[in-house]
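The next block holds one structure in the form of structure tokens; read it before the comments.
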Amino acid sequence: MEKVCKILEQLVANGTLSGYAIGGATAAGFHGEPLATLDVDVFVFAEPQPGFLLVSLESIYAELCRLGFKEHERECVIVHGLPVQFIVASNALESEALQEAQVVRWDDKQMRVMCPEHLAALAIQAGRPKDRARVVYLLSLTQFDQVHFDAILQRHGLYSVWLRWQQELNLGQ
Amino acid sequence: MLMMPDVTNAERGKPAWRQAMREMPVAEKVALLEKTIHEAIALERLKSKWKKSAKSSSSLLPTVR
């Protein structure tokens with residue numbers, strides 16, 4: 001994981017990535033307890049090439065290939081033995097979560113991780129059954145900022161969804 | 001569930017364990033995250049193997065008409 005973070009920082013330093021943020025279960029696990037996950041979700045910014053409509057991750061894959069990471073498994077690139085899935089930030093919430101990611105530093109290393117409040121908002125946006133459990137878990141974190149969370153939900157039109165989830169999950173307000 | 005050899009099943013998930021997880025230094029947490037992923041992948045492969053084994057076993061059973 002440490003080596004994956006080093007590679008991600010290297011991709012930013014050499015201009016392959018304009019930014020990244022670790023999200024998903026890995027990020028959620030970082031803020032609290034490790035959660036079972038099969039890969040590292042890395043959110044990135046990417047724009048379509050001029051004249052094209054679709055966004056391509058080709059430049060990222062090409063650079064990883066140049067660095068020696070040629071193995072793929074399903075939608076992931078294997079980086080230092082870990083499956084890494086690159087996800088293009090495709091809406092305002094994902095972009096905001098990426099931009100406002102926390103920079104975590106230790107020794108001479110660093111990585112960018114989405115904050116718990118954005119992770120919870122993204123879970124509400126995704127709306128899968130496992131996302132409900134994810135939100136309950138994130139809310140239980142002592143560092144979870146309810147005010148920040150509410151503001152994110154209001155900004156991205158998810159507050160009414162959250163109110164419904166609170167009722168369905170029998171969560172106190 | 002993370003398999004930590006020094007924590008029993010009874011302790012895992014309890015408030016003290018959760019607190020220890022949350023207060024873990026970053027370097028250790030990062031290493032733990034990697035271990036979690038590897039364990040999850042190993043479990044997934046095991047599940048897949050069991051499913052294949054179950055399918056091949058069931059094909060030997062006589063069909064009820």
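Note on naming: chains are A, B, ... as they come in the structure tokens, residues start from 1 per chain, ligands start from 1 in the order shown.
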
(request) Report as a list in words the set of chain A residues whose atoms approach chain B to within 7 Å, with distances computed over only C-alpha atoms. (result) Met1, Glu2, Thr26, Phe30, His31, Gly32, Glu33, Pro34, Ala36, Thr37, Leu38, Asp39 and Trp106 of chain A

Can I get the selection written as a PDB file, in the first residue's frame, with N, CA, C and O atoms?
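File written: again-v2.pdb
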ATOM      1  N   MET A   1       0.838  -1.200   0.000  1.00  0.00           N
ATOM      2  CA  MET A   1       0.000   0.000   0.000  1.00  0.00           C
ATOM      3  C   MET A   1       0.871   1.247   0.000  1.00  0.00           C
ATOM      4  O   MET A   1       0.596   2.221  -0.702  1.00  0.00           O
ATOM      5  N   GLU A   2       1.921   1.153   0.783  1.00  0.00           N
ATOM      6  CA  GLU A   2       2.870   2.263   0.856  1.00  0.00           C
ATOM      7  C   GLU A   2       3.497   2.496  -0.520  1.00  0.00           C
ATOM      8  O   GLU A   2       3.623   3.635  -0.972  1.00  0.00           O
ATOM      9  N   THR A  26     -11.176   1.214   1.049  1.00  0.00           N
ATOM     10  CA  THR A  26      -9.816   1.428   1.553  1.00  0.00           C
ATOM     11  C   THR A  26      -9.755   2.729   2.345  1.00  0.00           C
ATOM     12  O   THR A  26      -9.194   2.774   3.442  1.00  0.00           O
ATOM     13  N   PHE A  30      -9.282   3.260   6.315  1.00  0.00           N
ATOM     14  CA  PHE A  30      -8.181   4.066   6.830  1.00  0.00           C
ATOM     15  C   PHE A  30      -8.653   4.936   8.007  1.00  0.00           C
ATOM     16  O   PHE A  30      -7.957   5.110   8.993  1.00  0.00           O
ATOM     17  N   HIS A  31      -9.853   5.484   7.877  1.00  0.00           N
ATOM     18  CA  HIS A  31     -10.358   6.403   8.908  1.00  0.00           C
ATOM     19  C   HIS A  31     -10.792   5.675  10.173  1.00  0.00           C
ATOM     20  O   HIS A  31     -10.964   6.292  11.216  1.00  0.00           O
ATOM     21  N   GLY A  32     -10.987   4.374  10.076  1.00  0.00           N
ATOM     22  CA  GLY A  32     -11.461   3.639  11.250  1.00  0.00           C
ATOM     23  C   GLY A  32     -10.846   2.265  11.316  1.00  0.00           C
ATOM     24  O   GLY A  32      -9.671   2.092  11.608  1.00  0.00           O
ATOM     25  N   GLU A  33     -11.683   1.255  11.009  1.00  0.00           N
ATOM     26  CA  GLU A  33     -11.212  -0.126  11.072  1.00  0.00           C
ATOM     27  C   GLU A  33     -11.083  -0.671   9.661  1.00  0.00           C
ATOM     28  O   GLU A  33     -11.885  -0.326   8.803  1.00  0.00           O
ATOM     29  N   PRO A  34     -10.092  -1.531   9.419  1.00  0.00           N
ATOM     30  CA  PRO A  34      -9.954  -2.102   8.073  1.00  0.00           C
ATOM     31  C   PRO A  34     -11.238  -2.805   7.645  1.00  0.00           C
ATOM     32  O   PRO A  34     -11.848  -3.544   8.410  1.00  0.00           O
ATOM     33  N   ALA A  36     -13.192  -5.147   4.546  1.00  0.00           N
ATOM     34  CA  ALA A  36     -12.875  -6.094   3.483  1.00  0.00           C
ATOM     35  C   ALA A  36     -13.080  -5.429   2.119  1.00  0.00           C
ATOM     36  O   ALA A  36     -14.130  -4.861   1.847  1.00  0.00           O
ATOM     37  N   THR A  37     -12.048  -5.472   1.300  1.00  0.00           N
ATOM     38  CA  THR A  37     -12.151  -4.945  -0.043  1.00  0.00           C
ATOM     39  C   THR A  37     -11.158  -5.683  -0.927  1.00  0.00           C
ATOM     40  O   THR A  37     -10.127  -6.161  -0.459  1.00  0.00           O
ATOM     41  N   LEU A  38     -11.490  -5.778  -2.213  1.00  0.00           N
ATOM     42  CA  LEU A  38     -10.644  -6.542  -3.126  1.00  0.00           C
ATOM     43  C   LEU A  38      -9.684  -5.663  -3.914  1.00  0.00           C
ATOM     44  O   LEU A  38      -8.846  -6.187  -4.656  1.00  0.00           O
ATOM     45  N   ASP A  39      -9.842  -4.338  -3.781  1.00  0.00           N
ATOM     46  CA  ASP A  39      -8.943  -3.464  -4.544  1.00  0.00           C
ATOM     47  C   ASP A  39      -8.858  -2.096  -3.893  1.00  0.00           C
ATOM     48  O   ASP A  39      -9.569  -1.805  -2.927  1.00  0.00           O
ATOM     49  N   TRP A 106       3.258  10.532   6.586  1.00  0.00           N
ATOM     50  CA  TRP A 106       3.982   9.746   7.588  1.00  0.00           C
ATOM     51  C   TRP A 106       5.384   9.469   7.069  1.00  0.00           C
ATOM     52  O   TRP A 106       5.567   9.237   5.885  1.00  0.00           O
TER      53      TRP A 106
END

(request) Report the distance between atom CA of A:Leu139 and atom CA of A:Leu171 in Å, rounded to one decimal place. (result) 10.0 Å

(message) Which residues are near A:Tyr61? Cut-off 12 Å, only C-alpha atoms, ignore same chain within fewer than 2 positions. Put them as a VMD selection string.
(response) chain A and resid 11 16 to 17 56 to 59 63 to 72 75 to 79 84 to 86

(message) Using only C-alpha atoms, can you tell me which of A:Asn14, A:Val40, A:Ile124, A:Leu8 comes closest to A:Tyr159?
(response) A:Ile124
